[in-house]
Amino acid sequence: MKILLMGNPNVGKSVIFSRLTGVRVISSNYPGTTVGFTSGFMKIEGEVAEVIDVPGAYTLEPTCEAEEIALRMLETGDVVIAVVDATNLERNLYLTLQLLERDVPVVIALNMWDDTKHRGIHIDVERLEGILGVPVIPTVALSGQGIKELVKSIPGAANSRISMNSRDERWAFVGNIIDQVQQITHRHHRWTERLEDASVKPRTGLIMAAVVLVTSFYIVRFIGENLITYLFDPLFERLWLPVLMKLSNLMGGGGFLHDVVVGKLIAGDIHFVESFGLLSSGLYVPFAMVLPYIVSFYLILGILEDTGYLPRLAVLLDTAMHRLGLHGYAIIPTLLGLGCNVPAVLATRVLESKRERFIAATLVCIALPCVSAQAMIFGLVGKYGGGYVAIVYGTLFLVWIVLGITLNHTLKGLSPELLIEIPPYRLPPWLTVLQKLLTRIRGFLIEAVPIILAAVLVINILFVMGIFDYIADFTAPVITGILGLPKEAVVAIIIGFLRKDAALGMLALSTLTVKQLIVGSVVLSMFFPCIATFVVLLRELGLKDLLRSVGIMIFFALIVGGALNIILPDFHTVR
Amino acid sequence: MPLPMVSTGKKIRIVSLAGGRGMQQRLTSMGLGPGSEISVIRRGAPGPFIVAVKETRLAIGAGMAQRIMVSENGLRGGVL
């Protein structure tokens, strides 16, 4: 049996879903689309049934991709649980009526039932059942109230005999039902409502936005860094390193096979970043460098999503971001890009159109140095003076704005006009937050780890075959001619594909002038992203757009690097 | 008059939608059809408008808001 959970966006569908299915769920994309949905299993009367959390829809006359998918999925279902926001019955009934007109048994979950009391809304459930001809169960998904009754009612799901001829007739019927079953008595403004309105007013809203964003960013970094320092690093250093060293000894401490599997020894030791072995860097990069940020980022994003704050931020920043061809929503990936480009690219998912996701992801990868790259820039360039660091940052900021405006003017299509529901603030449902987090972690591990391992293998083989020397000679006209860097710097750029911090560190190995350091830092930040970002870019954009994006990055990196090489004077500084 | 001309807090009624079928369908399904009673919470241009429809708040891009024709509530059934 296939049970579909359907309803408007923001009615608590996903919370009911996690109540029904527990933590083990599968998240997938509808074939050929970017619309994702989750499915899981539950038991009804001893039998296993599949439960699908269908994307939220306002109508079955599709107005967007998600609604088209919802309509197509509806045709495959055996039972529909129509989830309705009880505090918003009138608008929700429109979709409900459309569902009832279909030839499929329906049960209605009248969710957020507890909220109706605060709001002075009285709904006559029995009468509503009588009019619609299907079971109506009041639920509070957050606390779990009514969920058992909902499950019990599923076998009793009924086909309604309602049929409507037009949109107007449907709305008229909705009005009629509301008159019969709903009464609204006194209603006093709750403090959350005042907060809700204050958070979208231009002045108060921007202050609150700054507080929320800065706090989120610090929490993400705090959790991520601590996971690395106190959990993943010790695991690798204390448990895994001794095993690897033994293996290294067994394999003779060198040779091709040794270097591929364990990695090159650096001063007799395995270095988890620079050794580049399958079992050293190949595991350390995804597990100890990216995973901790995946965990912390998705935890915070999940909480922000489920409290209802993100739509408000989108409203506040909409105008400014439109100049760059983006929606207000794009501010989230942008800020996260300053921590790590991986979660930033993943966060472009909150944008609706492909065009916007492309612009946002490209801007993040080209203009936002991740935190490890920033640390290296401060270390390398900063020791000559803060002004030089400011040149690097100023250049990147300018690139962000100019490239955004350029992409907005050259790419076909317009940024879609904002039309979103602003949900009320709610406490995040922890079970849903946890469920989403686990699904996302699993997704990362399954998809990213094999590709990172494969890339480490390929880079090793290229190194051994001496292909990098060949490349250095081949690219010398560009690296030296245009950028004014020594020809070996190409190796740093190639290493930058693995890690930005290691690559910038390689710049320190050769003796460079301040000007060369500035050019090198800017070019390394702008050139194609590190492999982890590359993997998520491929996953989020697809191969064609990934290549376009990378083309833009290489082109702009060379133009900007070349321009800096010409414009900047030869700074004479003494170390 | 178009929605952007209304000041905040005033109750108004949607008279018609001056857009393509797709936009009309989208707005109607979200409860912003002709006849709906709404009020403006935040004035946009610059930025999106936020309106209250029943218990829901909706953010509407300024361009789209231009195409929503409204009248003040008292005119119910009168000359629109």
# chains A, B, ... in the order shown; residues from 1 in each chain; ligands from 1
$ select_by_dssp --residues "range 193-353 of chain A" --states "strand (DSSP E)" --output "list in words"
Leu265, Ile266, Asp269 and Ile270 of chain A
$ write_last_selection --atoms "C-alpha atoms" --output "mmCIF file, in the first residue's frame"
data_model
loop_
_atom_site.group_PDB
_atom_site.id
_atom_site.type_symbol
_atom_site.label_atom_id
_atom_site.label_comp_id
_atom_site.auth_asym_id
_atom_site.auth_seq_id
_atom_site.Cartn_x
_atom_site.Cartn_y
_atom_site.Cartn_z
ATOM 1 C CA LEU A 265 55.854 10.187 3.636
ATOM 2 C CA ILE A 266 56.723 13.762 4.502
ATOM 3 C CA ASP A 269 55.620 10.888 8.611
ATOM 4 C CA ILE A 270 52.186 10.574 7.140
#
$ select_by_dssp --residues "chain B" --states "helix (DSSP H, G or I)" --output "list in words"
Leu3, Pro4, Met5, Arg21, Gly22, Met23, Gln24, Gln25, Arg26, Leu27, Thr28, Ser29, Ala62, Gly63, Met64, Ala65, Gln66, Asn73, Gly74 and Leu75 of chain B
$ write_last_selection --atoms "N, CA and C atoms" --output "compact mmCIF listing (two decimals), in the first residue's frame"
# COMPACT_ATOMS: atom_id res chain seq x y z
N LEU B 3 -2.42 47.22 -6.03
CA LEU B 3 -2.08 46.96 -4.63
C LEU B 3 -1.01 47.91 -4.05
N PRO B 4 0.04 48.27 -4.81
CA PRO B 4 1.08 49.12 -4.23
C PRO B 4 0.59 50.50 -3.77
N MET B 5 -0.62 50.91 -4.19
CA MET B 5 -1.11 52.22 -3.79
C MET B 5 -1.75 52.22 -2.41
N ARG B 21 -2.54 33.69 -17.34
CA ARG B 21 -3.32 32.64 -16.67
C ARG B 21 -2.51 31.95 -15.58
N GLY B 22 -1.23 31.73 -15.89
CA GLY B 22 -0.37 31.04 -14.94
C GLY B 22 -0.31 31.79 -13.63
N MET B 23 -0.07 33.12 -13.74
CA MET B 23 0.04 33.92 -12.53
C MET B 23 -1.29 33.95 -11.78
N GLN B 24 -2.39 34.08 -12.54
CA GLN B 24 -3.71 34.11 -11.90
C GLN B 24 -3.96 32.84 -11.11
N GLN B 25 -3.59 31.71 -11.75
CA GLN B 25 -3.82 30.42 -11.10
C GLN B 25 -3.00 30.32 -9.82
N ARG B 26 -1.75 30.78 -9.91
CA ARG B 26 -0.84 30.69 -8.77
C ARG B 26 -1.38 31.53 -7.61
N LEU B 27 -1.76 32.76 -7.93
CA LEU B 27 -2.26 33.65 -6.88
C LEU B 27 -3.56 33.13 -6.29
N THR B 28 -4.46 32.68 -7.17
CA THR B 28 -5.77 32.21 -6.69
C THR B 28 -5.61 31.02 -5.76
N SER B 29 -4.72 30.09 -6.14
CA SER B 29 -4.58 28.89 -5.32
C SER B 29 -3.97 29.21 -3.96
N ALA B 62 7.33 43.06 -6.08
CA ALA B 62 6.70 44.35 -6.38
C ALA B 62 6.03 44.35 -7.76
N GLY B 63 6.66 43.69 -8.74
CA GLY B 63 6.10 43.65 -10.09
C GLY B 63 4.76 42.94 -10.12
N MET B 64 4.71 41.85 -9.38
CA MET B 64 3.48 41.08 -9.34
C MET B 64 2.38 41.85 -8.59
N ALA B 65 2.80 42.58 -7.55
CA ALA B 65 1.84 43.34 -6.76
C ALA B 65 1.14 44.39 -7.63
N GLN B 66 1.89 44.96 -8.60
CA GLN B 66 1.33 45.96 -9.52
C GLN B 66 0.11 45.43 -10.25
N ASN B 73 -12.50 48.27 1.27
CA ASN B 73 -13.54 47.32 1.65
C ASN B 73 -14.96 47.84 1.53
N GLY B 74 -15.14 49.11 1.85
CA GLY B 74 -16.49 49.68 1.86
C GLY B 74 -17.19 49.59 0.51
N LEU B 75 -16.39 49.42 -0.55
CA LEU B 75 -16.96 49.44 -1.89
C LEU B 75 -17.56 48.10 -2.29
$ residues_around --residues "range 6-10 of chain B" --least-positions-apart "5" --cutoff "12 Å" --atoms "only C-alpha atoms" --output "NGL selection string"
(:A and (197 or 201)) or (:B and (1 or 37-44 or 49-52 or 65-66 or 68-74))
$ atom_distance --atom1 "CA of Phe256 in chain A" --atom2 "CA of Gly277 in chain A"
10.5 Å
$ closest_residue --among "A:Gly77, A:Asn408, A:Gly413, A:Ala70" --to "His322 in chain A" --atoms "only C-alpha atoms"
A:Asn408
$ interface_residues --of "chain A" --to "chain B" --cutoff "6 Å" --atoms "only C-alpha atoms" --output "tab-separated table (two decimals) with N, CA and C atoms, in the first residue's frame"
chain	number	residue	atom	x	y	z
A	58	TYR	N	-0.30	24.04	-3.65
A	58	TYR	CA	-1.48	24.84	-3.33
A	58	TYR	C	-2.68	24.40	-4.16
A	59	THR	N	-2.37	23.77	-5.31
A	59	THR	CA	-3.44	23.43	-6.24
A	59	THR	C	-3.04	22.22	-7.08
A	63	THR	N	1.15	24.99	-11.01
A	63	THR	CA	1.69	26.30	-11.36
A	63	THR	C	3.21	26.30	-11.21
A	88	ASN	N	-5.80	27.70	9.32
A	88	ASN	CA	-5.85	28.33	8.02
A	88	ASN	C	-6.76	27.51	7.12
A	91	ARG	N	-8.04	28.57	3.30
A	91	ARG	CA	-7.17	28.44	2.14
A	91	ARG	C	-6.81	26.99	1.86
A	318	ASP	N	15.74	40.86	-0.75
A	318	ASP	CA	15.33	40.59	-2.12
A	318	ASP	C	15.80	41.65	-3.10
A	319	THR	N	15.57	42.92	-2.78
A	319	THR	CA	15.91	44.00	-3.72
A	319	THR	C	17.40	44.02	-4.05
A	417	GLU	N	9.93	36.26	-9.95
A	417	GLU	CA	9.37	37.20	-8.98
A	417	GLU	C	9.00	36.42	-7.72
A	418	LEU	N	9.25	37.07	-6.61
A	418	LEU	CA	9.00	36.40	-5.33
A	418	LEU	C	7.51	36.21	-5.09
A	419	LEU	N	7.10	35.01	-4.77
A	419	LEU	CA	5.74	34.78	-4.26
A	419	LEU	C	5.85	33.62	-3.29
A	420	ILE	N	6.03	33.96	-2.03
A	420	ILE	CA	6.20	32.88	-1.06
A	420	ILE	C	5.32	33.11	0.15
A	421	GLU	N	5.02	32.02	0.80
A	421	GLU	CA	4.26	32.12	2.02
A	421	GLU	C	5.23	32.41	3.15
A	422	ILE	N	4.84	33.31	4.05
A	422	ILE	CA	5.67	33.60	5.21
A	422	ILE	C	5.02	32.87	6.39
$ atom_distance --atom1 "CA of Ala314 in chain A" --atom2 "CA of Tyr329 in chain A"
4.5 Å
$ residues_around --residues "Lys515 in chain A" --least-positions-apart "5" --cutoff "10 Å" --atoms "only C-alpha atoms" --output "list in words"
Val381, Tyr388, Gly484, Leu485, Gly520, Ser521, Leu564, Asn565, Leu568, Pro569, Asp570, Phe571 and His572 of chain A
$ atom_distance --atom1 "CA of Arg312 in chain A" --atom2 "CA of Leu195 in chain A"
11.2 Å
$ residues_around --residues "range 337-348 of chain A" --least-positions-apart "6" --cutoff "6 Å" --atoms "only C-alpha atoms" --output "ChimeraX atom specification"
/A:357,361,364,368-371,533
$ write_last_selection --atoms "N, CA and C atoms" --output "short mmCIF file (atom, residue, chain, number, x, y, z; two decimals), in the first residue's frame"
data_model
loop_
_atom_site.label_atom_id
_atom_site.label_comp_id
_atom_site.auth_asym_id
_atom_site.auth_seq_id
_atom_site.Cartn_x
_atom_site.Cartn_y
_atom_site.Cartn_z
N ARG A 357 20.28 29.14 -9.29
CA ARG A 357 21.21 28.22 -8.64
C ARG A 357 22.57 28.29 -9.32
N ALA A 361 25.80 29.55 -7.26
CA ALA A 361 26.89 28.60 -7.06
C ALA A 361 28.18 29.12 -7.69
N VAL A 364 29.57 31.92 -5.51
CA VAL A 364 30.16 31.38 -4.29
C VAL A 364 31.55 30.82 -4.58
N LEU A 368 34.12 33.70 -3.13
CA LEU A 368 34.12 33.53 -1.69
C LEU A 368 35.19 32.52 -1.27
N PRO A 369 36.29 32.98 -0.73
CA PRO A 369 37.32 32.04 -0.28
C PRO A 369 36.82 31.32 0.97
N CYS A 370 37.03 30.01 1.03
CA CYS A 370 36.58 29.28 2.20
C CYS A 370 37.49 29.60 3.37
N VAL A 371 37.12 29.14 4.53
CA VAL A 371 37.82 29.57 5.74
C VAL A 371 39.27 29.10 5.75
N THR A 533 34.06 20.65 -3.24
CA THR A 533 33.10 21.58 -3.82
C THR A 533 32.74 21.15 -5.23
#
$ residues_around --residues "Ala210 in chain A" --least-positions-apart "5" --cutoff "12 Å" --atoms "only C-alpha atoms" --output "VMD selection string"
chain A and resid 199 203 to 205 215 to 217 313 316 to 317 331 to 332 335
$ closest_residue --among "A:Val392, A:Ile566, A:Leu380, A:Val295" --to "Ile441 in chain A" --atoms "only C-alpha atoms"
A:Val295
